[in-house]
Structures are given as C-alpha cells and as structure tokens.
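Asker: Below you'll find upload07.csv; it's CSV, C-alpha atoms and all ligand atoms.
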chain,number,residue,atom,x,y,z
U,149,MET,CA,32.3,-4.2,-179.4
U,150,ASP,CA,34.6,-2.1,-177.2
U,151,LEU,CA,33.7,1.2,-175.7
U,152,PHE,CA,36.4,3.1,-177.5
U,153,LYS,CA,35.0,2.1,-180.8
U,154,MET,CA,31.5,2.8,-179.8
U,155,PHE,CA,32.2,6.4,-179.2
U,156,SER,CA,34.7,7.0,-181.9
U,157,LYS,CA,33.4,9.6,-184.4
U,158,ASN,CA,35.5,8.4,-187.3
U,159,ASP,CA,33.5,5.6,-188.8
U,160,ASN,CA,30.2,6.4,-190.6
U,161,SER,CA,27.2,5.3,-188.6
U,162,LYS,CA,25.5,4.3,-191.8
U,163,ASP,CA,28.2,1.7,-192.5
U,164,ILE,CA,27.6,0.3,-189.1
U,165,ALA,CA,23.8,0.3,-189.7
U,166,LYS,CA,24.3,-1.5,-193.0
U,167,GLU,CA,26.6,-4.1,-191.6
U,168,ARG,CA,24.3,-4.8,-188.7
U,169,LEU,CA,21.3,-5.0,-191.0
U,170,LYS,CA,23.0,-7.5,-193.3
U,171,LEU,CA,23.7,-9.8,-190.5
U,172,VAL,CA,20.3,-9.6,-188.8
U,173,LEU,CA,18.6,-10.2,-192.1
U,174,ILE,CA,20.5,-13.4,-192.7
U,175,HIS,CA,19.0,-14.7,-189.5
U,176,ASP,CA,15.6,-13.3,-190.3
U,177,ARG,CA,15.6,-14.7,-193.8
U,178,ALA,CA,17.0,-18.1,-192.8
U,179,ASN,CA,14.5,-18.2,-190.0
U,180,VAL,CA,17.3,-19.2,-187.6
U,181,SER,CA,16.9,-18.4,-183.9
U,182,PRO,CA,19.8,-17.7,-181.5
U,183,GLN,CA,18.6,-20.8,-179.6
U,184,PHE,CA,19.1,-22.9,-182.8
U,185,LEU,CA,22.7,-21.6,-183.1
U,186,GLU,CA,23.3,-22.5,-179.4
U,187,MET,CA,22.1,-26.0,-180.2
U,188,ILE,CA,24.5,-26.3,-183.1
U,189,LYS,CA,27.3,-24.9,-180.9
U,190,GLY,CA,26.6,-27.6,-178.3
U,191,GLU,CA,26.8,-30.4,-180.9
U,192,ILE,CA,30.0,-29.1,-182.4
U,193,ILE,CA,31.6,-28.9,-178.9
U,194,LYS,CA,30.6,-32.5,-178.3
U,195,VAL,CA,32.1,-33.8,-181.5
U,196,ILE,CA,35.3,-31.8,-181.5
U,197,SER,CA,36.0,-32.5,-177.8
U,198,ASP,CA,36.7,-36.1,-178.6
U,199,TYR,CA,39.8,-35.1,-180.6
U,200,MET,CA,41.0,-31.8,-179.1
U,201,GLU,CA,40.8,-29.7,-176.1
U,202,ILE,CA,39.1,-26.4,-177.0
U,203,ASP,CA,38.4,-23.2,-175.3
U,204,GLU,CA,34.6,-23.4,-175.0
U,205,SER,CA,34.2,-19.9,-173.5
U,206,ALA,CA,35.8,-18.4,-176.6
U,207,LEU,CA,34.0,-20.5,-179.1
U,208,GLU,CA,32.1,-18.4,-181.6
U,209,ILE,CA,29.6,-19.5,-184.1
U,210,LYS,CA,27.6,-17.3,-186.4
U,211,LEU,CA,25.5,-17.3,-189.5
U,212,THR,CA,26.9,-14.8,-192.0
U,213,ARG,CA,27.2,-14.5,-195.7
U,214,THR,CA,30.1,-15.0,-198.0
U,215,LYS,CA,30.9,-14.9,-201.7
U,216,ARG,CA,30.8,-18.3,-203.4
U,217,ASP,CA,34.0,-19.0,-205.3
U,218,ALA,CA,32.3,-20.7,-208.2
U,219,ASP,CA,30.1,-17.8,-209.4
U,220,ASN,CA,30.9,-14.9,-206.9
U,221,SER,CA,27.3,-14.9,-205.7
U,222,THR,CA,26.5,-14.2,-202.1
U,223,VAL,CA,25.5,-17.2,-200.0
U,224,PRO,CA,24.8,-17.7,-196.3
U,225,ALA,CA,27.7,-19.4,-194.4
U,226,LEU,CA,28.0,-20.9,-191.0
U,227,VAL,CA,31.3,-19.7,-189.5
U,228,ALA,CA,32.8,-21.3,-186.5
U,229,ASN,CA,35.8,-19.9,-184.6
U,230,ILE,CA,37.1,-22.6,-182.3
U,231,PRO,CA,40.2,-21.9,-180.3
U,232,ILE,CA,42.2,-25.1,-179.7
U,233,LYS,CA,44.1,-25.6,-176.4
U,234,LYS,CA,45.7,-28.8,-177.3
U,235,MET,CA,45.2,-32.0,-179.3
U,236,LYS,CA,44.1,-35.1,-177.5
U,237,GLU,CA,46.0,-38.4,-177.8
U,238,THR,CA,43.1,-40.0,-179.6
U,239,GLY,CA,43.3,-37.4,-182.3
U,240,LYS,CA,47.0,-38.1,-183.1
U,241,ILE,CA,46.7,-41.5,-184.7
O,117,MET,CA,-10.1,-4.2,-215.1
O,118,GLY,CA,-8.1,-1.7,-212.9
O,119,GLU,CA,-5.0,-2.3,-211.0
O,120,VAL,CA,-5.1,-2.9,-207.2
O,121,ILE,CA,-2.0,-1.6,-205.5
O,122,VAL,CA,-1.4,-2.2,-201.8
O,123,VAL,CA,0.8,0.2,-199.9
O,124,THR,CA,2.6,-1.7,-197.1
O,125,SER,CA,5.6,-1.3,-194.7
O,126,GLY,CA,5.7,-3.6,-191.7
O,127,LYS,CA,6.8,-0.9,-189.3
O,128,GLY,CA,4.3,1.7,-188.4
O,129,GLY,CA,4.6,5.4,-189.0
O,130,VAL,CA,6.9,5.3,-192.0
O,131,GLY,CA,4.5,7.0,-194.4
O,132,LYS,CA,2.0,4.4,-195.9
O,133,THR,CA,-1.0,6.7,-195.5
O,134,THR,CA,0.9,9.8,-196.7
O,135,THR,CA,2.0,7.7,-199.7
O,136,THR,CA,-1.4,6.4,-200.5
O,137,ALA,CA,-3.0,9.9,-200.3
O,138,ASN,CA,-0.3,11.4,-202.6
O,139,ILE,CA,-0.1,8.7,-205.3
O,140,GLY,CA,-3.8,8.4,-205.4
O,141,THR,CA,-4.2,12.2,-205.8
O,142,GLY,CA,-1.4,12.2,-208.3
O,143,LEU,CA,-3.0,9.5,-210.4
O,144,SER,CA,-6.2,11.4,-210.5
O,145,LEU,CA,-4.3,14.6,-211.5
O,146,GLN,CA,-3.0,12.5,-214.4
O,147,GLY,CA,-6.6,11.9,-215.5
O,148,LYS,CA,-7.0,8.4,-214.0
O,149,SER,CA,-10.0,7.2,-212.1
O,150,VAL,CA,-8.9,6.3,-208.6
O,151,VAL,CA,-10.4,5.0,-205.4
O,152,LEU,CA,-8.4,5.0,-202.1
O,153,VAL,CA,-9.3,2.2,-199.7
O,154,ASP,CA,-8.4,2.7,-196.0
O,155,ALA,CA,-7.8,-0.9,-194.8
O,156,ASP,CA,-6.6,0.3,-191.4
O,157,ILE,CA,-9.8,-0.7,-189.6
O,158,GLY,CA,-10.0,0.7,-186.1
O,159,LEU,CA,-7.3,3.3,-186.7
O,160,ARG,CA,-8.5,5.2,-189.7
O,161,ASN,CA,-6.4,8.0,-190.9
O,162,LEU,CA,-6.6,8.3,-194.6
O,163,ASP,CA,-9.8,10.4,-194.3
O,164,VAL,CA,-8.0,13.1,-192.2
O,165,VAL,CA,-4.9,13.1,-194.4
O,166,MET,CA,-7.2,13.6,-197.4
O,167,GLY,CA,-9.3,16.2,-195.6
O,168,LEU,CA,-12.5,14.2,-196.1
O,169,GLU,CA,-13.2,13.3,-192.5
O,170,ASN,CA,-16.4,15.3,-192.3
O,171,ARG,CA,-18.1,13.6,-195.2
O,172,ILE,CA,-18.1,10.0,-193.9
O,173,VAL,CA,-21.5,8.3,-193.7
O,174,TYR,CA,-20.8,4.6,-194.3
O,175,ASP,CA,-17.5,2.7,-194.2
O,176,LEU,CA,-15.8,-0.4,-195.5
O,177,VAL,CA,-17.2,-2.7,-192.8
O,178,ASP,CA,-20.8,-1.4,-193.7
O,179,VAL,CA,-20.2,-2.4,-197.3
O,180,VAL,CA,-18.8,-5.8,-196.4
O,181,GLU,CA,-21.7,-6.5,-194.0
O,182,GLY,CA,-24.2,-5.3,-196.5
O,183,THR,CA,-25.5,-2.4,-194.5
O,184,CYS,CA,-25.1,-0.2,-197.5
O,185,ARG,CA,-24.2,-0.5,-201.2
O,186,LEU,CA,-20.6,0.1,-202.3
O,187,ARG,CA,-21.5,3.3,-204.1
O,188,GLN,CA,-23.1,4.8,-201.0
O,189,ALA,CA,-19.9,4.4,-199.0
O,190,LEU,CA,-17.6,6.0,-201.6
O,191,ILE,CA,-16.8,9.7,-200.8
O,192,LYS,CA,-16.1,11.8,-203.8
O,193,ASP,CA,-13.2,14.2,-203.5
O,194,LYS,CA,-14.6,17.3,-205.1
O,195,ARG,CA,-11.2,19.0,-205.5
O,196,PHE,CA,-10.1,16.4,-208.1
O,197,ASN,CA,-11.7,14.6,-211.0
O,198,ASN,CA,-12.5,10.9,-210.4
O,199,LEU,CA,-11.0,10.5,-207.0
O,200,TYR,CA,-12.9,8.6,-204.3
O,201,LEU,CA,-12.3,7.4,-200.8
O,202,LEU,CA,-13.6,4.3,-199.1
O,203,PRO,CA,-13.0,5.0,-195.4
O,204,ALA,CA,-12.2,2.4,-192.8
O,205,ALA,CA,-14.5,1.7,-189.8
O,206,GLN,CA,-13.3,3.4,-186.7
O,207,THR,CA,-15.2,1.5,-184.0
O,208,LYS,CA,-14.6,-2.0,-185.2
O,209,ASP,CA,-11.4,-4.0,-185.3
O,210,LYS,CA,-9.4,-5.9,-188.0
O,211,ASN,CA,-11.4,-9.1,-187.5
O,212,ALA,CA,-14.6,-7.4,-188.7
O,213,VAL,CA,-13.4,-8.3,-192.2
O,214,ASN,CA,-11.7,-11.4,-193.7
O,215,PRO,CA,-9.4,-11.7,-196.7
O,216,SER,CA,-12.0,-13.2,-199.0
O,217,GLN,CA,-14.4,-10.3,-198.4
O,218,MET,CA,-11.6,-7.9,-199.1
O,219,GLN,CA,-10.7,-9.8,-202.3
O,220,LYS,CA,-14.3,-9.4,-203.5
O,221,LEU,CA,-14.4,-5.8,-202.5
O,222,CYS,CA,-11.2,-5.0,-204.5
O,223,LEU,CA,-12.5,-6.9,-207.5
O,224,ASP,CA,-15.7,-4.9,-207.4
O,225,LEU,CA,-13.8,-1.6,-207.2
O,226,ALA,CA,-11.4,-2.6,-209.9
O,227,GLU,CA,-14.4,-3.1,-212.2
O,228,GLU,CA,-15.1,0.6,-211.9
O,229,PHE,CA,-11.8,2.3,-211.3
O,230,GLU,CA,-8.5,2.3,-213.1
O,231,TYR,CA,-6.6,2.3,-209.9
O,232,VAL,CA,-7.5,0.9,-206.5
O,233,ILE,CA,-5.0,2.0,-203.9
O,234,VAL,CA,-5.1,0.1,-200.5
O,235,ASP,CA,-3.6,1.7,-197.4
O,236,CYS,CA,-2.4,-1.2,-195.3
O,237,PRO,CA,-2.1,-1.1,-191.5
O,238,ALA,CA,1.2,-1.7,-189.8
O,239,GLY,CA,2.1,-5.2,-188.7
O,240,ILE,CA,1.9,-8.6,-190.2
O,241,GLU,CA,-1.4,-9.9,-188.7
O,242,GLN,CA,-5.0,-10.0,-189.9
O,243,GLY,CA,-5.0,-6.4,-191.0
O,244,PHE,CA,-2.1,-7.0,-193.3
O,245,ARG,CA,-3.6,-10.2,-194.7
O,246,ASN,CA,-6.8,-8.3,-195.4
O,247,ALA,CA,-5.1,-5.5,-197.1
O,248,ILE,CA,-3.1,-7.6,-199.5
O,249,ALA,CA,-5.9,-10.1,-200.3
O,250,GLY,CA,-7.3,-8.3,-203.3
O,251,ALA,CA,-4.0,-6.7,-204.5
O,252,ASN,CA,-2.2,-7.5,-207.7
O,253,LYS,CA,0.7,-5.1,-207.2
O,254,SER,CA,2.5,-3.9,-204.0
O,255,VAL,CA,4.5,-1.0,-202.8
O,256,VAL,CA,6.8,-1.2,-199.8
O,257,VAL,CA,7.5,2.0,-197.9
O,258,THR,CA,10.5,2.3,-195.6
O,259,THR,CA,12.6,5.0,-194.0
O,260,PRO,CA,16.4,4.7,-194.1
O,261,GLU,CA,16.6,3.3,-190.6
O,262,VAL,CA,17.7,-0.1,-189.4
O,263,SER,CA,14.4,-1.1,-187.8
O,264,ALA,CA,12.2,0.1,-190.7
O,265,VAL,CA,14.4,-1.7,-193.3
O,266,ARG,CA,14.4,-4.9,-191.3
O,267,ASP,CA,10.6,-4.9,-191.2
O,268,ALA,CA,10.4,-4.0,-194.9
O,269,ASP,CA,12.5,-7.1,-195.6
O,270,ARG,CA,10.1,-9.2,-193.7
O,271,ILE,CA,7.1,-7.7,-195.5
O,272,ILE,CA,8.8,-8.3,-198.9
O,273,GLY,CA,9.2,-12.0,-198.0
O,274,LEU,CA,5.5,-12.2,-197.0
O,275,LEU,CA,4.3,-10.4,-200.1
O,276,GLU,CA,6.3,-12.8,-202.3
O,277,ALA,CA,5.1,-15.8,-200.3
O,278,ASN,CA,1.5,-14.6,-201.0
O,279,GLY,CA,1.9,-14.3,-204.7
O,280,LEU,CA,2.7,-10.6,-204.9
O,281,LYS,CA,5.9,-10.8,-207.0
O,282,ASN,CA,8.1,-7.8,-207.5
O,283,PRO,CA,7.1,-5.4,-204.8
O,284,GLN,CA,8.4,-1.9,-205.5
O,285,LEU,CA,10.3,0.2,-203.0
O,286,ILE,CA,9.6,3.7,-201.8
O,287,ILE,CA,12.3,5.2,-199.6
O,288,ASN,CA,10.7,7.9,-197.5
O,289,ARG,CA,12.0,10.7,-195.3
O,290,LEU,CA,15.5,10.7,-196.8
O,291,ARG,CA,17.7,13.4,-195.4
O,292,ILE,CA,20.4,14.5,-197.9
O,293,ASP,CA,22.4,16.3,-195.2
O,294,MET,CA,22.6,13.1,-193.1
O,295,VAL,CA,23.4,10.9,-196.2
O,296,LYS,CA,26.2,13.3,-197.1
O,297,ARG,CA,27.9,13.1,-193.8
O,298,GLY,CA,27.6,9.3,-193.7
O,299,ASP,CA,25.0,9.2,-191.0
O,300,MET,CA,22.1,7.8,-193.0
O,301,MET,CA,22.0,4.9,-195.4
O,302,ASN,CA,21.9,6.0,-199.0
O,303,ILE,CA,19.8,4.8,-201.8
O,304,ASP,CA,22.3,2.3,-203.1
O,305,ASP,CA,22.8,0.8,-199.6
O,306,MET,CA,19.1,0.2,-199.2
O,307,ILE,CA,18.7,-1.4,-202.6
O,308,ASP,CA,21.8,-3.5,-202.0
O,309,ILE,CA,20.1,-4.8,-198.8
O,310,LEU,CA,16.5,-5.2,-199.9
O,311,ALA,CA,17.2,-6.2,-203.5
O,312,ILE,CA,13.9,-5.0,-205.0
O,313,ASP,CA,13.1,-2.4,-207.6
O,314,LEU,CA,13.0,1.2,-206.5
O,315,ILE,CA,10.0,3.3,-207.5
O,316,GLY,CA,10.7,6.5,-205.6
O,317,VAL,CA,12.7,8.4,-203.1
O,318,VAL,CA,10.8,11.0,-201.0
O,319,PRO,CA,12.8,13.5,-199.0
O,320,ASP,CA,12.0,14.4,-195.4
O,321,ASP,CA,9.9,17.5,-196.0
O,322,GLU,CA,8.1,19.9,-193.6
O,323,LEU,CA,5.5,20.5,-196.2
O,324,ILE,CA,4.2,17.0,-195.6
O,325,VAL,CA,3.3,18.0,-192.1
O,326,VAL,CA,1.8,21.3,-193.2
O,327,SER,CA,-0.2,19.7,-195.9
O,328,THR,CA,-1.4,17.0,-193.6
O,329,ASN,CA,-2.5,19.7,-191.2
O,330,ARG,CA,-4.6,21.2,-193.9
O,331,GLY,CA,-5.8,17.9,-195.4
O,332,GLU,CA,-4.4,18.7,-198.8
O,333,PRO,CA,-2.0,16.1,-200.3
O,334,ALA,CA,1.5,17.6,-200.9
O,335,ILE,CA,1.5,16.3,-204.5
O,336,ALA,CA,-0.9,19.1,-205.4
O,337,ASN,CA,1.6,21.6,-204.1
O,338,GLU,CA,4.0,22.6,-206.9
O,339,ALA,CA,6.6,24.0,-204.4
O,340,SER,CA,6.9,20.8,-202.3
O,341,LEU,CA,9.9,18.7,-202.9
O,342,ALA,CA,8.2,15.6,-201.5
O,343,GLY,CA,5.3,16.5,-203.8
O,344,GLN,CA,7.7,16.5,-206.8
O,345,ALA,CA,9.1,13.1,-205.6
O,346,TYR,CA,5.5,11.7,-205.5
O,347,ARG,CA,4.8,13.1,-209.0
O,348,ASN,CA,7.7,11.0,-210.2
O,349,VAL,CA,6.4,7.9,-208.4
O,350,VAL,CA,3.0,8.4,-210.1
O,351,ARG,CA,4.6,8.6,-213.5
O,352,ARG,CA,6.7,5.5,-212.9
O,353,LEU,CA,3.5,3.7,-211.6
O,354,MET,CA,1.9,4.5,-214.9
O,355,GLY,CA,4.9,2.9,-216.7
O,356,GLU,CA,6.9,5.9,-217.6
O,357,ASP,CA,10.6,5.7,-217.4
O,358,VAL,CA,11.5,8.7,-215.2
O,359,PRO,CA,15.2,8.9,-214.5
O,360,PHE,CA,16.6,9.0,-211.0
O,361,MET,CA,19.2,11.7,-210.8
O,362,ASN,CA,22.4,11.7,-208.7
O,363,LEU,CA,21.9,14.0,-205.8
O,364,GLU,CA,25.2,13.2,-204.0
O,365,SER,CA,27.7,14.3,-206.7
O,366,ASP,CA,26.8,17.9,-207.0
O,367,SER,CA,27.1,20.9,-204.7
O,368,GLY,CA,25.2,24.0,-204.1
O,369,PHE,CA,21.8,24.3,-202.5
O,370,MET,CA,19.9,25.3,-205.6
O,371,SER,CA,21.2,22.6,-207.8
O,372,ARG,CA,20.6,20.1,-205.0
O,373,LEU,CA,17.0,21.3,-205.0
O,374,ALA,CA,16.8,20.8,-208.7
O,375,LYS,CA,18.3,17.3,-208.5
O,376,MET,CA,15.7,16.3,-206.0
O,377,PHE,CA,13.2,16.5,-208.8
O,378,GLY,CA,14.5,13.2,-210.0
O,379,PHE,CA,16.8,11.5,-207.6
O,380,LYS,CA,19.4,8.9,-207.9
O,381,LYS,CA,19.7,6.1,-210.4
O,382,LYS,CA,19.5,2.6,-209.0
O,383,LYS,CA,21.8,-0.3,-209.8
U,401,LIG,N1,8.4,12.6,-196.4
U,401,LIG,C1,8.0,13.0,-195.1
U,401,LIG,N2,8.5,14.1,-194.6
U,401,LIG,C2,8.1,14.6,-193.4
U,401,LIG,N3,7.2,13.9,-192.6
U,401,LIG,C3,6.6,12.8,-193.1
U,401,LIG,C4,7.0,12.3,-194.4
U,401,LIG,N4,6.3,11.2,-194.6
U,401,LIG,C5,5.5,11.0,-193.6
U,401,LIG,N5,5.7,12.0,-192.6
U,401,LIG,C6,5.0,12.1,-191.3
U,401,LIG,O1,5.2,10.9,-190.6
U,401,LIG,C7,4.1,10.6,-189.9
U,401,LIG,C8,3.6,9.2,-190.2
U,401,LIG,O2,3.1,9.1,-191.5
U,401,LIG,P1,1.9,8.2,-192.0
U,401,LIG,O3,0.7,8.4,-191.1
U,401,LIG,O4,1.8,8.4,-193.5
U,401,LIG,O5,2.6,6.8,-191.7
U,401,LIG,P2,1.9,5.3,-191.7
U,401,LIG,O6,2.9,4.4,-192.2
U,401,LIG,O7,0.6,5.4,-192.5
U,401,LIG,O8,1.6,5.1,-190.2
U,401,LIG,P3,0.7,3.9,-189.5
U,401,LIG,O9,1.6,2.7,-189.5
U,401,LIG,O10,0.4,4.4,-188.1
U,401,LIG,O11,-0.5,3.7,-190.4
U,401,LIG,C9,3.0,11.6,-190.2
U,401,LIG,O12,3.0,12.6,-189.1
U,401,LIG,C10,3.5,12.2,-191.5
U,401,LIG,O13,3.1,13.6,-191.6
U,402,MG,MG,-1.3,4.7,-191.8
With the file now loaded, output its structure as structure tokens.
Answerer:
Amino acid sequence: MDLFKMFSKNDNSKDIAKERLKLVLIHDRANVSPQFLEMIKGEIIKVISDYMEIDESALEIKLTRTKRDADNSTVPALVANIPIKKMKETGKI
Amino acid sequence: MGEVIVVTSGKGGVGKTTTTANIGTGLSLQGKSVVLVDADIGLRNLDVVMGLENRIVYDLVDVVEGTCRLRQALIKDKRFNNLYLLPAAQTKDKNAVNPSQMQKLCLDLAEEFEYVIVDCPAGIEQGFRNAIAGANKSVVVTTPEVSAVRDADRIIGLLEANGLKNPQLIINRLRIDMVKRGDMMNIDDMIDILAIDLIGVVPDDELIVVSTNRGEPAIANEASLAGQAYRNVVRRLMGEDVPFMNLESDSGFMSRLAKMFGFKKKK
C-alpha cells in the first residue's frame, strides 16, 4: 500500500473494507496462519531453486479466492507470484 | 414446546442486549409469552436495559444451584403481558454454570413459554458455550464494521459447528448517510460476505440510548426508527414475510424515514 493511495479521498472506504474482509475471512475460514504460509513459501523456494534463479525477496504467496471456471462458484486459491531472474542449466534439458 | 433463540455476536458492544430486550418486548406485545434469559454471568446488563434492576431477588445461578425454584427467580415485567426476565448473577463468573445445566434450564423454560430469548455474552469461551447450549435457533448481531463482521463470521462458523444451522443476521447501527457516501458497507455487501439470511436492519438511533437511560425498550416507542426496525424483526421471527424496502434509491428526508420502516431487500 503506498501512502498516496492511503490518503486519497477518491475510493470508497467501504470497498476497501469489503476487500480486506474478504481476504481476512479466507484465512479465518481455512484456519491458515501466516506462519503456515511462510512454511509453504520456504518449500516452494526450495523446489523451484533447483530449476531457476528467483528473486526471493519479491516472492509473494497468498491465499485468496477465485471463480472456478467449471461452475463459476467461488473457491479459495493459493496464488504465488514468483519473479524469475534466470533459468538454471539443469532446467534447460 | 417453545422456541429457544440465542442472541450472539462475537464482538462485544454491538447490540446483543439491546436486541434481546427489544425482540423480547416486541414478541410479548404480539401476544406471545416470553422469558428473557441473561446469560452474561458476571456482567449482567439486561436487567438495567429492561428497567427491572430493582426487582431482582434470585438469579440464574441460584436456580442452577438449587438455591431457589425457577419460578421464584423470574421477574415479571408488569408493563407488558407475559414478559419475564431471568437475571444473570453479578458476583459469580461464567464457570458457575455449565452447558448441560443451561440446556436443562432452557428446556424447563421452553415448557412454559412460547419464546425463550437468551442474551449471550461477548467472546467464544465458556459464556458463549453456555448461552448456546439450550438454543434451537440463533441470531447473530453485527455492526457494519470490519472487526464486528469478522467476529460475526467466526461465530456463524461456531454456531453451525454446534448444530445451530441457519443463524439469522441482524445488522445494527447502520448509518444511511455513511452508506450513501460509500463510507460504510451496505446491506448487500454484508450479506455477500457473511452469506446468511438477513432478519433485520436496525439504524443507528439516538432513541436507543434515551430508552436505555429510561429502562424502556425502544420497540414500545412508536416514534423510534430503531423501534420500527425491531417491530419488523419480531414479525419475521414469527414467520411473517415482511418486505425489506430499498432505502438507497430514493431521495428526500421524509421518504427516507418512511423507507426505514422496512429496509432493503436481500439477495
Ligand atoms: N441501534 C443503535 N443505535 C444507537 N445506539 C445503539 C444501538 N444499538 C446499541 N446501541 C448502544 O450500543 C451500546 C452497546 O449495546 P449493547 O449493550 O446492547 O451491546 P452488547 O452486544 O450487549 O454488549 P456486550 O458485548 O458488552 O454485552 C449501548 O450503549 C447501546 O445503547
Ligand atoms: Mg450485552
């Protein structure tokens, strides 16, 4: 969140409230702690690092929700954003 | 056999006691026999909200411990027909009672009354477990704020896990002015998030404070908007289909007032 956005008067605060609530409730309902996500993050880094060099500091992992294509229902989703620096030789078979 | 309805919220101070007092009074005004049970042991409040604090002799813990008979602890509200209060103990704590004792107490009360309304304490510990133990229906009160809604969601999960299916939502302290300028979640937003049935929307209303000062539930006051909202809740509890009107699409102060008599349709 940048400061500019924080103090901008243009967006409705209720939309921000709703968005934040939706995200926090996914964690609450799934009973997933931030520590648990950190663990997953560690494991993902371990696996991926064998094949590519990634920017660990910029790696983002979160539990959110998304519409399922099949029936358009909302389901929880684990979303990982992993910036790649370069591929490792072992990966280019 | 009467219905046992527990009024819960998770977060404190969102209006459980106010709601219990008003729907209980409203049901008795509709000719039903009603007993209000204050399950907030150690922090009793329903007695003062109802204006019955000077009439307490025995309390819920006395009944459970066998110090007195159930009938002796019930305070009759003389202003209304068939409205009684079972006060909480003030000097004991939540552990003075256990869930199976509460279950038996609620069963005994449901033998004699058409409605048993239980005012639940805040939190999710022993007091909550006691309050829900004898209930067969539940109401969840929340305000349109992030923390209250989050806690309501947790309570809904716990109620369902304890066999209380289909909890019904009361949105309390809604401020139309803030909703209109986009600074308060609206009714649809909250139903979208909590995904349970709505049974009432109560506006933020000064008259609630005034009537609490006097110990006279707002529902008995014809001029109170919150009172009107509670009258609608009572009719819905009794199974009547009272429409929610749209209060965001119209303009003008008077028509807005009129619209508040029903509120907005869900779904
Ligand atoms: N619709 C309303 N408009 C204005 N004030 C309200 C409204 N509903 C409740 N209040 C006020 O909010 C305060 C808290 O209400 P109440 O005691 O009913 O909450 P509670 O959920 O029972 O609290 P606790 O968790 O401490 O038991 C009271 O001062 C009450 O007068
Ligand atoms: Mg209370």
Asker: Residues within 8 Å of ligand LIG 401 (chain U), counting only C-alpha atoms and all ligand atoms: report them as a ChimeraX atom specification.
Answerer: /O:124-136,156,159,161,235-239,257,288-290,318-326,328,342
Asker: Would you please work out which residue, of O:Val150, O:Val165, O:Ile286, O:Ile303, is nearest to chain U when using only C-alpha atoms?
Answerer: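 Comparing O:Val150, O:Val165, O:Ile286, O:Ile303 against chain U, the winner is O:Ile303.
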Asker: With all atoms listed in the file as the atoms that count, which of O:Asp163, O:Glu338, O:Asp357, O:Glu332 lies nearest to ligand MG 402 (chain U)?
Answerer: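 Nearest candidate to ligand MG 402 (chain U) out of O:Asp163, O:Glu338, O:Asp357, O:Glu332: O:Asp163.
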Asker: Quick check, in Å to one decimal: how far apart do CA of Leu173 in chain U and CA of Val256 in chain O lie?
Answerer: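 Rounded to one decimal, the two atoms are 16.7 Å apart.
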Asker: Show me, as a PyMOL selection string, the residues that have an atom within 12 Å of Ala137 in chain O when counting all atoms listed in the file, minus same-chain residues fewer than 3 positions from it.
Answerer: chain O and resi 123+131-134+140-144+150-154+161-168+193+199-201+232-235+324+327-328+331-336+343+346+350
Asker: Near range 201-210 of chain U, within 10 Å and counting all atoms listed in the file, which residues show up once chain neighbours fewer than 6 positions away are dropped, as JSON, numbers by chain?
Answerer: {"U": [171, 175, 182, 185, 186, 188, 189, 190, 192, 193, 225, 226, 227, 228, 229, 230, 231, 232, 233, 234, 235, 236]}
Asker: At a cut-off of 9 Å, list the chain U residues touching chain O, using only C-alpha atoms, as a tab-separated table (two decimals) with C-alpha atoms, in the frame of the given file.
Answerer:
chain	number	residue	atom	x	y	z
U	159	ASP	CA	33.50	5.60	-188.80
U	160	ASN	CA	30.20	6.40	-190.60
U	161	SER	CA	27.20	5.30	-188.60
U	162	LYS	CA	25.50	4.30	-191.80
U	163	ASP	CA	28.20	1.70	-192.50
U	165	ALA	CA	23.80	0.30	-189.70
U	166	LYS	CA	24.30	-1.50	-193.00
U	168	ARG	CA	24.30	-4.80	-188.70
U	169	LEU	CA	21.30	-5.00	-191.00
U	170	LYS	CA	23.00	-7.50	-193.30
U	172	VAL	CA	20.30	-9.60	-188.80
U	173	LEU	CA	18.60	-10.20	-192.10
U	176	ASP	CA	15.60	-13.30	-190.30
U	177	ARG	CA	15.60	-14.70	-193.80
Asker: Provide the CA of Ile139 in chain O to CA of Val349 in chain O distance in Å, to one decimal place.
Answerer: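 Straight-line distance from CA of Ile139 in chain O to CA of Val349 in chain O works out to 7.2 Å.
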Asker: What's the 10 Å shell around Glu181 in chain O, counting only C-alpha atoms, without same-chain residues fewer than 3 positions away, as a ChimeraX atom specification?
Answerer: /O:176-178,184-185,212-213,217
Asker: Using all atoms listed in the file, give me every residue within 9 Å of (7.3, -9.8, -199.5) in file coordinates, as a PyMOL selection string.
Answerer: chain O and resi 254+256+268-283
Asker: Take the residues just selected and output them with C-alpha atoms as a tab-separated table (two decimals), in the frame of the given file.
Answerer:
chain	number	residue	atom	x	y	z
O	254	SER	CA	2.50	-3.90	-204.00
O	256	VAL	CA	6.80	-1.20	-199.80
O	268	ALA	CA	10.40	-4.00	-194.90
O	269	ASP	CA	12.50	-7.10	-195.60
O	270	ARG	CA	10.10	-9.20	-193.70
O	271	ILE	CA	7.10	-7.70	-195.50
O	272	ILE	CA	8.80	-8.30	-198.90
O	273	GLY	CA	9.20	-12.00	-198.00
O	274	LEU	CA	5.50	-12.20	-197.00
O	275	LEU	CA	4.30	-10.40	-200.10
O	276	GLU	CA	6.30	-12.80	-202.30
O	277	ALA	CA	5.10	-15.80	-200.30
O	278	ASN	CA	1.50	-14.60	-201.00
O	279	GLY	CA	1.90	-14.30	-204.70
O	280	LEU	CA	2.70	-10.60	-204.90
O	281	LYS	CA	5.90	-10.80	-207.00
O	282	ASN	CA	8.10	-7.80	-207.50
O	283	PRO	CA	7.10	-5.40	-204.80
Asker: Tell me, in Å to one decimal, how far CA of Arg245 in chain O is from CA of Ile157 in chain O.
Answerer: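 Pair CA of Arg245 in chain O / CA of Ile157 in chain O returns 12.4 Å.
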Asker: Using all atoms listed in the file, can you tell me which of O:Asn337, O:Met218, O:Ala155, O:Ala205 comes closest to ligand MG 402 (chain U)?
Answerer: O:Ala155
